[in-house]
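Heads up, entry-v1.txt below (compact mmCIF, C-alpha atoms):
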# COMPACT_ATOMS: atom_id res chain seq x y z
CA MET A 1275 -62.26 29.11 -92.27
CA ILE A 1276 -61.47 26.47 -94.90
CA SER A 1277 -59.20 23.69 -93.77
CA CYS A 1278 -57.16 21.51 -96.13
CA GLU A 1279 -55.86 19.13 -93.47
CA LYS A 1280 -58.30 16.31 -94.33
CA SER A 1281 -57.49 16.11 -98.00
CA GLY A 1282 -53.69 16.13 -98.09
CA ALA A 1283 -52.29 17.07 -101.51
CA MET A 1284 -54.85 18.67 -103.80
CA ASN A 1285 -55.34 17.98 -107.49
CA ILE A 1286 -54.25 21.13 -109.33
CA ASP A 1287 -56.62 20.30 -112.21
CA ASN A 1288 -59.53 20.64 -109.80
CA ILE A 1289 -58.24 24.00 -108.60
CA GLU A 1290 -57.82 25.18 -112.20
CA ALA A 1291 -61.42 24.17 -112.96
CA PHE A 1292 -62.61 26.19 -109.95
CA VAL A 1293 -60.69 29.30 -111.10
CA PHE A 1294 -62.00 29.00 -114.66
CA VAL A 1295 -65.63 28.49 -113.62
CA ASN A 1296 -65.44 31.55 -111.39
CA HIS A 1297 -63.78 33.60 -114.14
CA PHE A 1298 -66.33 32.71 -116.83
CA GLY A 1299 -69.29 32.46 -114.47
CA SER A 1300 -70.39 29.32 -116.29
CA ILE A 1301 -69.45 25.65 -116.36
CA ASN A 1302 -70.26 25.59 -120.07
CA LYS A 1303 -67.82 28.42 -120.92
CA ALA A 1304 -65.16 27.07 -118.56
CA SER A 1305 -65.38 23.62 -120.16
CA LYS A 1306 -64.79 25.14 -123.60
CA ALA A 1307 -61.78 27.11 -122.35
CA LEU A 1308 -60.33 23.98 -120.71
CA PHE A 1309 -61.20 21.73 -123.70
CA LEU A 1310 -63.17 19.45 -121.39
CA SER A 1311 -66.73 18.20 -121.26
CA GLN A 1312 -69.16 19.90 -118.89
CA PRO A 1313 -69.51 16.72 -116.77
CA SER A 1314 -65.70 16.61 -116.37
CA VAL A 1315 -65.59 20.20 -115.11
CA THR A 1316 -68.54 19.56 -112.78
CA SER A 1317 -66.79 16.45 -111.44
CA ARG A 1318 -63.61 18.41 -110.75
CA ILE A 1319 -65.53 21.10 -108.85
CA LYS A 1320 -67.31 18.48 -106.74
CA SER A 1321 -63.99 16.72 -106.02
CA LEU A 1322 -62.47 19.98 -104.86
CA GLU A 1323 -65.49 20.69 -102.67
CA ARG A 1324 -65.03 17.28 -101.04
CA GLU A 1325 -61.32 17.97 -100.50
CA LEU A 1326 -62.10 21.34 -98.91
CA ASP A 1327 -65.24 20.15 -97.15
CA ALA A 1328 -66.90 23.32 -98.40
CA GLU A 1329 -69.46 24.36 -101.02
CA LEU A 1330 -67.76 26.61 -103.58
CA PHE A 1331 -70.65 27.46 -105.91
CA ARG A 1332 -74.38 27.74 -105.48
CA ARG A 1333 -76.93 27.68 -108.28
CA VAL A 1334 -79.75 30.22 -107.94
CA GLY A 1335 -82.20 29.56 -110.75
CA ARG A 1336 -80.07 29.42 -113.88
CA GLN A 1337 -77.34 31.58 -112.34
CA LEU A 1338 -74.15 30.08 -110.86
CA THR A 1339 -72.72 32.19 -108.01
CA ILE A 1340 -69.63 31.71 -105.88
CA THR A 1341 -70.23 31.16 -102.16
CA ASP A 1342 -68.58 33.06 -99.30
CA LYS A 1343 -66.23 30.13 -98.71
CA GLY A 1344 -65.50 30.03 -102.42
CA MET A 1345 -64.55 33.73 -102.33
CA GLU A 1346 -62.35 32.99 -99.31
CA PHE A 1347 -60.50 30.23 -101.17
CA LEU A 1348 -60.29 32.06 -104.53
CA PRO A 1349 -57.09 34.11 -103.95
CA PHE A 1350 -55.27 30.99 -102.75
CA ALA A 1351 -56.44 29.05 -105.81
CA GLU A 1352 -55.40 31.83 -108.18
CA ASN A 1353 -52.00 32.02 -106.52
CA ILE A 1354 -51.52 28.26 -106.91
CA ILE A 1355 -52.30 28.44 -110.65
CA ARG A 1356 -50.12 31.53 -111.08
CA THR A 1357 -47.19 29.89 -109.28
CA MET A 1358 -47.58 26.75 -111.36
CA LYS A 1359 -47.49 28.78 -114.59
CA LYS A 1360 -44.39 30.67 -113.45
CA GLY A 1361 -42.64 27.42 -112.54
CA LYS A 1362 -43.52 25.88 -115.89
CA ALA A 1363 -42.33 28.99 -117.74
CA HIS A 1364 -39.09 28.97 -115.74
CA LEU A 1365 -38.38 25.33 -116.63
CA GLN A 1366 -39.17 25.97 -120.28
CA ASN A 1367 -36.82 28.96 -120.28
CA MET A 1368 -34.08 26.80 -118.79
CA GLU A 1369 -34.60 24.23 -121.54
CA GLU A 1370 -34.77 26.93 -124.22
CA LYS A 1371 -32.47 29.48 -122.64
CA ASN A 1372 -31.64 30.98 -126.02
CA GLU A 1373 -35.28 32.01 -126.56
CA ILE A 1374 -36.69 35.30 -125.33
CA THR A 1375 -40.46 35.78 -125.29
CA ILE A 1376 -41.60 39.33 -125.99
CA ALA A 1377 -45.25 40.39 -125.68
CA CYS A 1378 -46.05 43.52 -127.69
CA SER A 1379 -48.81 46.02 -128.18
CA GLY A 1380 -50.02 46.35 -131.76
CA LEU A 1381 -48.02 49.51 -132.50
CA VAL A 1382 -44.72 47.82 -131.61
CA SER A 1383 -45.55 44.43 -133.14
CA PHE A 1384 -46.62 45.81 -136.51
CA TYR A 1385 -44.33 48.79 -136.98
CA LEU A 1386 -41.20 48.35 -134.84
CA VAL A 1387 -40.57 44.62 -134.39
CA PRO A 1388 -39.62 43.88 -138.04
CA ARG A 1389 -36.64 46.23 -138.05
CA LEU A 1390 -35.92 45.77 -134.34
CA MET A 1391 -35.47 42.02 -134.81
CA ALA A 1392 -32.92 42.67 -137.57
CA MET A 1393 -30.98 44.90 -135.19
CA PHE A 1394 -31.22 42.40 -132.34
CA LYS A 1395 -30.09 39.57 -134.62
CA GLU A 1396 -26.99 41.51 -135.61
CA ARG A 1397 -26.10 42.19 -131.97
CA PHE A 1398 -27.29 38.83 -130.50
CA PRO A 1399 -26.80 36.35 -133.41
CA ASP A 1400 -27.44 33.20 -131.33
CA GLN A 1401 -30.57 34.49 -129.61
CA LYS A 1402 -34.03 33.22 -130.56
CA PHE A 1403 -37.10 35.42 -130.16
CA ARG A 1404 -40.78 34.58 -129.72
CA ILE A 1405 -43.10 37.52 -130.45
CA MET A 1406 -46.70 37.70 -129.20
CA THR A 1407 -49.16 40.52 -129.98
CA GLU A 1408 -51.65 41.48 -127.26
CA THR A 1409 -53.32 44.51 -125.69
CA SER A 1410 -51.22 46.53 -123.24
CA GLU A 1411 -53.25 45.18 -120.33
CA THR A 1412 -52.63 41.57 -121.39
CA VAL A 1413 -48.94 42.29 -122.04
CA ALA A 1414 -48.52 43.56 -118.47
CA ARG A 1415 -50.28 40.48 -117.07
CA MET A 1416 -48.13 38.11 -119.14
CA VAL A 1417 -44.90 39.69 -117.92
CA SER A 1418 -46.18 39.76 -114.33
CA ASP A 1419 -47.13 36.05 -114.53
CA GLY A 1420 -43.85 35.01 -116.11
CA GLU A 1421 -45.41 34.13 -119.48
CA ALA A 1422 -43.20 36.70 -121.24
CA ASP A 1423 -39.67 37.92 -120.48
CA TYR A 1424 -40.29 41.41 -121.81
CA GLY A 1425 -43.30 43.45 -122.78
CA PHE A 1426 -44.02 46.58 -124.77
CA ALA A 1427 -47.06 48.29 -123.27
CA SER A 1428 -48.63 51.66 -122.49
CA ASN A 1429 -50.03 52.96 -119.19
CA VAL A 1430 -48.50 50.21 -117.03
CA SER A 1431 -49.20 50.62 -113.32
CA GLN A 1432 -48.36 47.22 -111.78
CA THR A 1433 -45.93 47.56 -108.89
CA LYS A 1434 -44.26 44.20 -109.65
CA LEU A 1435 -43.01 45.49 -112.99
CA ASN A 1436 -40.14 47.75 -113.98
CA ALA A 1437 -41.04 50.10 -116.83
CA GLU A 1438 -38.50 51.91 -119.01
CA ARG A 1439 -39.84 54.48 -121.47
CA VAL A 1440 -38.48 53.50 -124.89
CA ILE A 1441 -40.94 54.95 -127.42
CA GLU A 1442 -42.57 58.36 -127.71
CA SER A 1443 -44.04 58.51 -131.17
CA PRO A 1444 -45.56 61.92 -131.98
CA ILE A 1445 -49.23 61.86 -132.93
CA ARG A 1446 -49.45 63.84 -136.16
CA LEU A 1447 -52.07 64.64 -138.74
CA ILE A 1448 -51.58 62.17 -141.60
CA VAL A 1449 -52.82 63.09 -145.08
CA PRO A 1450 -52.32 61.79 -148.64
CA SER A 1451 -49.26 63.41 -150.22
CA ASP A 1452 -51.43 65.24 -152.75
CA HIS A 1453 -53.86 66.63 -150.14
CA PRO A 1454 -54.11 70.46 -149.97
CA PHE A 1455 -52.81 70.40 -146.38
CA ALA A 1456 -49.58 68.67 -147.50
CA ASP A 1457 -48.14 71.86 -149.00
CA GLY A 1458 -48.88 74.34 -146.26
CA GLY A 1459 -46.69 73.37 -143.30
CA ALA A 1460 -48.36 73.45 -139.89
CA ILE A 1461 -52.11 73.98 -139.83
CA ASP A 1462 -54.52 75.26 -137.24
CA ILE A 1463 -56.85 72.71 -135.64
CA GLU A 1464 -59.92 74.68 -136.77
CA ARG A 1465 -59.15 73.82 -140.41
CA LEU A 1466 -60.09 70.20 -139.74
CA VAL A 1467 -63.72 71.09 -140.43
CA GLU A 1468 -62.79 71.38 -144.11
CA THR A 1469 -62.29 67.65 -144.77
CA PRO A 1470 -63.56 64.20 -143.63
CA ILE A 1471 -61.76 62.67 -140.64
CA VAL A 1472 -60.99 59.06 -139.71
CA PHE A 1473 -60.57 58.71 -135.95
CA PHE A 1474 -58.48 55.83 -134.60
CA GLU A 1475 -59.38 55.11 -130.98
CA CYS A 1476 -56.80 53.07 -129.03
CA GLY A 1477 -58.05 53.90 -125.52
CA SER A 1478 -54.89 55.58 -124.22
CA LEU A 1479 -54.74 58.92 -122.42
CA ASP A 1480 -53.01 60.46 -125.43
CA TRP A 1481 -55.90 59.62 -127.74
CA THR A 1482 -58.33 60.96 -125.17
CA MET A 1483 -56.53 64.30 -125.43
CA VAL A 1484 -56.99 64.28 -129.21
CA HIS A 1485 -60.68 63.48 -128.84
CA ASN A 1486 -61.16 66.18 -126.17
CA LEU A 1487 -59.48 68.71 -128.44
CA PHE A 1488 -62.06 67.93 -131.11
CA LEU A 1489 -64.86 68.43 -128.60
CA SER A 1490 -63.49 71.85 -127.59
CA LEU A 1491 -63.85 73.26 -131.09
CA LYS A 1492 -66.71 75.62 -131.88
CA GLU A 1493 -67.39 73.81 -135.14
CA GLN A 1494 -67.00 70.02 -134.95
CA PRO A 1495 -64.80 68.17 -137.47
CA ASP A 1496 -66.54 65.80 -139.88
CA ILE A 1497 -65.59 62.44 -138.29
CA GLN A 1498 -66.92 60.02 -140.89
CA TYR A 1499 -65.05 56.92 -139.71
CA GLU A 1500 -64.19 55.59 -136.24
CA VAL A 1501 -61.93 52.53 -136.25
CA ASP A 1502 -59.97 50.49 -133.71
CA SER A 1503 -57.14 49.53 -136.07
CA MET A 1504 -54.23 51.71 -137.13
CA GLU A 1505 -53.97 49.75 -140.38
CA SER A 1506 -57.64 50.42 -141.16
CA ALA A 1507 -57.20 54.13 -140.46
CA LYS A 1508 -54.07 54.25 -142.58
CA GLY A 1509 -55.79 52.41 -145.44
CA ILE A 1510 -58.67 54.89 -145.40
CA ILE A 1511 -56.20 57.77 -145.59
CA LEU A 1512 -54.18 56.11 -148.38
CA ASN A 1513 -57.39 55.70 -150.37
CA ARG A 1514 -58.09 59.43 -149.95
CA ALA A 1515 -61.39 58.88 -148.14
CA ALA A 1516 -60.30 60.94 -145.11
CA ILE A 1517 -57.38 62.31 -143.12
CA GLY A 1518 -56.60 61.46 -139.51
CA PHE A 1519 -54.23 61.42 -136.55
CA LEU A 1520 -51.79 58.51 -136.21
CA PRO A 1521 -48.51 57.85 -134.37
CA GLU A 1522 -45.66 58.79 -136.67
CA LEU A 1523 -44.08 55.36 -136.11
CA SER A 1524 -47.03 53.68 -137.85
CA VAL A 1525 -46.49 55.54 -141.14
CA TYR A 1526 -42.68 55.68 -141.45
CA ARG A 1527 -42.70 53.52 -144.60
CA GLU A 1528 -45.42 55.58 -146.30
CA LEU A 1529 -43.63 58.81 -145.40
CA GLU A 1530 -40.43 57.45 -146.91
CA GLU A 1531 -42.25 56.32 -150.07
CA GLY A 1532 -43.98 59.68 -150.34
CA SER A 1533 -47.53 58.31 -150.41
CA LEU A 1534 -48.44 60.06 -147.14
CA ALA A 1535 -47.43 63.31 -145.48
CA ALA A 1536 -47.28 64.18 -141.77
CA ILE A 1537 -48.58 67.61 -140.83
CA ASP A 1538 -47.86 69.48 -137.61
CA VAL A 1539 -50.85 70.74 -135.64
CA PRO A 1540 -49.51 73.15 -132.96
CA ALA A 1541 -52.34 72.36 -130.53
CA LEU A 1542 -51.16 68.72 -130.46
CA SER A 1543 -47.41 69.29 -130.62
CA HIS A 1544 -46.96 67.87 -127.07
CA VAL A 1545 -49.02 64.71 -127.63
CA SER A 1546 -47.30 61.40 -128.37
CA LEU A 1547 -48.08 57.71 -128.02
CA LYS A 1548 -45.84 56.49 -125.20
CA THR A 1549 -44.71 52.88 -124.83
CA ASP A 1550 -42.64 51.28 -122.08
CA LEU A 1551 -40.38 48.23 -122.11
CA ILE A 1552 -41.44 46.24 -119.04
CA HIS A 1553 -39.99 43.30 -117.14
CA HIS A 1554 -40.51 41.71 -113.74
CA ASN A 1555 -38.64 43.59 -111.02
CA ASP A 1556 -37.57 40.36 -109.31
CA ILE A 1557 -35.62 39.16 -112.34
CA HIS A 1558 -32.17 40.38 -113.39
CA ILE A 1559 -31.78 40.53 -117.15
CA ASP A 1560 -28.37 40.58 -118.79
CA ASP A 1561 -27.75 43.17 -121.52
CA PHE A 1562 -30.95 45.02 -120.55
CA ASP A 1563 -29.43 48.50 -120.89
CA GLU A 1564 -28.01 47.65 -124.29
CA MET A 1565 -31.37 46.30 -125.46
CA VAL A 1566 -33.06 49.51 -124.32
CA ALA A 1567 -30.54 51.57 -126.30
CA ILE A 1568 -31.16 49.51 -129.46
CA ILE A 1569 -34.95 49.79 -129.08
CA ARG A 1570 -34.79 53.56 -128.64
CA LYS A 1571 -32.57 53.83 -131.69
CA ALA A 1572 -34.96 51.74 -133.79
CA ALA A 1573 -37.99 53.74 -132.61
CA SER A 1574 -36.36 57.09 -133.34
CA GLN A 1575 -35.17 56.29 -136.87
CA LYS A 1576 -36.72 58.48 -139.51
CA PRO A 1577 -37.48 57.43 -143.08
CA GLY A 1578 -34.34 56.82 -145.10
CA VAL A 1579 -32.26 55.51 -142.16
CA SER A 1580 -30.82 52.02 -142.58
CA PRO A 1581 -32.56 49.61 -140.15
CA LEU A 1582 -29.22 48.04 -139.19
CA SER A 1583 -27.49 51.30 -138.27
CA TYR A 1584 -27.85 51.09 -134.50
CA ILE A 1585 -24.25 51.73 -133.43

Let me see the file written as structure tokens.
Amino acid sequence: MISCEKSGAMNIDNIEAFVFVNHFGSINKASKALFLSQPSVTSRIKSLERELDAELFRRVGRQLTITDKGMEFLPFAENIIRTMKKGKAHLQNMEEKNEITIACSGLVSFYLVPRLMAMFKERFPDQKFRIMTETSETVARMVSDGEADYGFASNVSQTKLNAERVIESPIRLIVPSDHPFADGGAIDIERLVETPIVFFECGSLDWTMVHNLFLSLKEQPDIQYEVDSMESAKGIILNRAAIGFLPELSVYRELEEGSLAAIDVPALSHVSLKTDLIHHNDIHIDDFDEMVAIIRKAASQKPGVSPLSYI
């Protein structure tokens, strides 16, 4: 067992260096992340090893590996850094209590936040907002670690977080307004073999269902483009190079302008991109229910609805 009795108070910078080196598996990469020189990071690791009276890393050839005692100390070190970040965030929130930090997935940040902020500003005129765009996994971690007050994310499973479903945007077939499919109402999935497809892959369970539906067809659709950006997929469709499936929320403006059309495909009528509003379950948030109501209203607005009509 590692004992800390000899060393008294530990230097948190040394502990942070240990966590970073373990995370990156390299002193070189850790030094870049910490904006330090490699000798500085090495010195901090050695200082911590002296404080703990234990070897934390062992070099085997060119490979740096954590020791058994290092693995034993790691969860304590990570908890120290996590607690420090939470404390810092708490103090900053006290100093800037009128600022709310919201971490968002791309769908929410690009397509909902602009009108949502207008609605929030009307209801909470003195409130300041800081918006950060990350993956759903990073959003959940930021809220869990106290780096964000709220988060918009999909497929959240952390037990420390409360999740309230606020967005269910139907995944529909999006085509240029002058495409032959645009005049025929709902179409059968088999007709997708008639035209090039752009496939946007966001990694969620809902998109997996779309992909699996393609695989179940006797004749495979002509998927000419696979992209990881909704904007790229939408641009390809707008330029008439292909058609594809996108969350309706991401094309509201184009539907209103008439440059794109959304087509129902009965086999996918139950599929939607689901997003939750998350916050830490240990923190009480004033006006939370009202914020949820405003978000749901903003997410459900169809083209032609005024963005400030939330009452």

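Of the listed residues (A:Pro1444, A:Gly1518, A:Gly1299, A:Pro1540), A:Pro1540 comes nearest to A:Ile1463; the distances count only C-alpha atoms.
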
Note to self: I need the residue nearest A:Thr1341 from this list: A:Met1406, A:Ala1535, A:Ala1328, A:Val1566. Use only C-alpha atoms for the distance.
What the structure shows: A:Ala1328

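Of the listed residues (A:Ala1291, A:Ala1351, A:Leu1447, A:Met1504), A:Ala1291 comes nearest to A:Val1315; the distances count all atoms listed in the file.
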
Notebook entry, point to check: Distance atom CA of A:Gly1420-atom CA of A:Glu1290, one decimal place?
Noted result: 17.5 Å

Notebook entry, point to check: Do you have the atom CA of A:Glu1528-atom CA of A:Val1449 distance handy?
Noted result: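 Answer for the atom CA of A:Glu1528 to atom CA of A:Val1449 separation: 10.6 Å.
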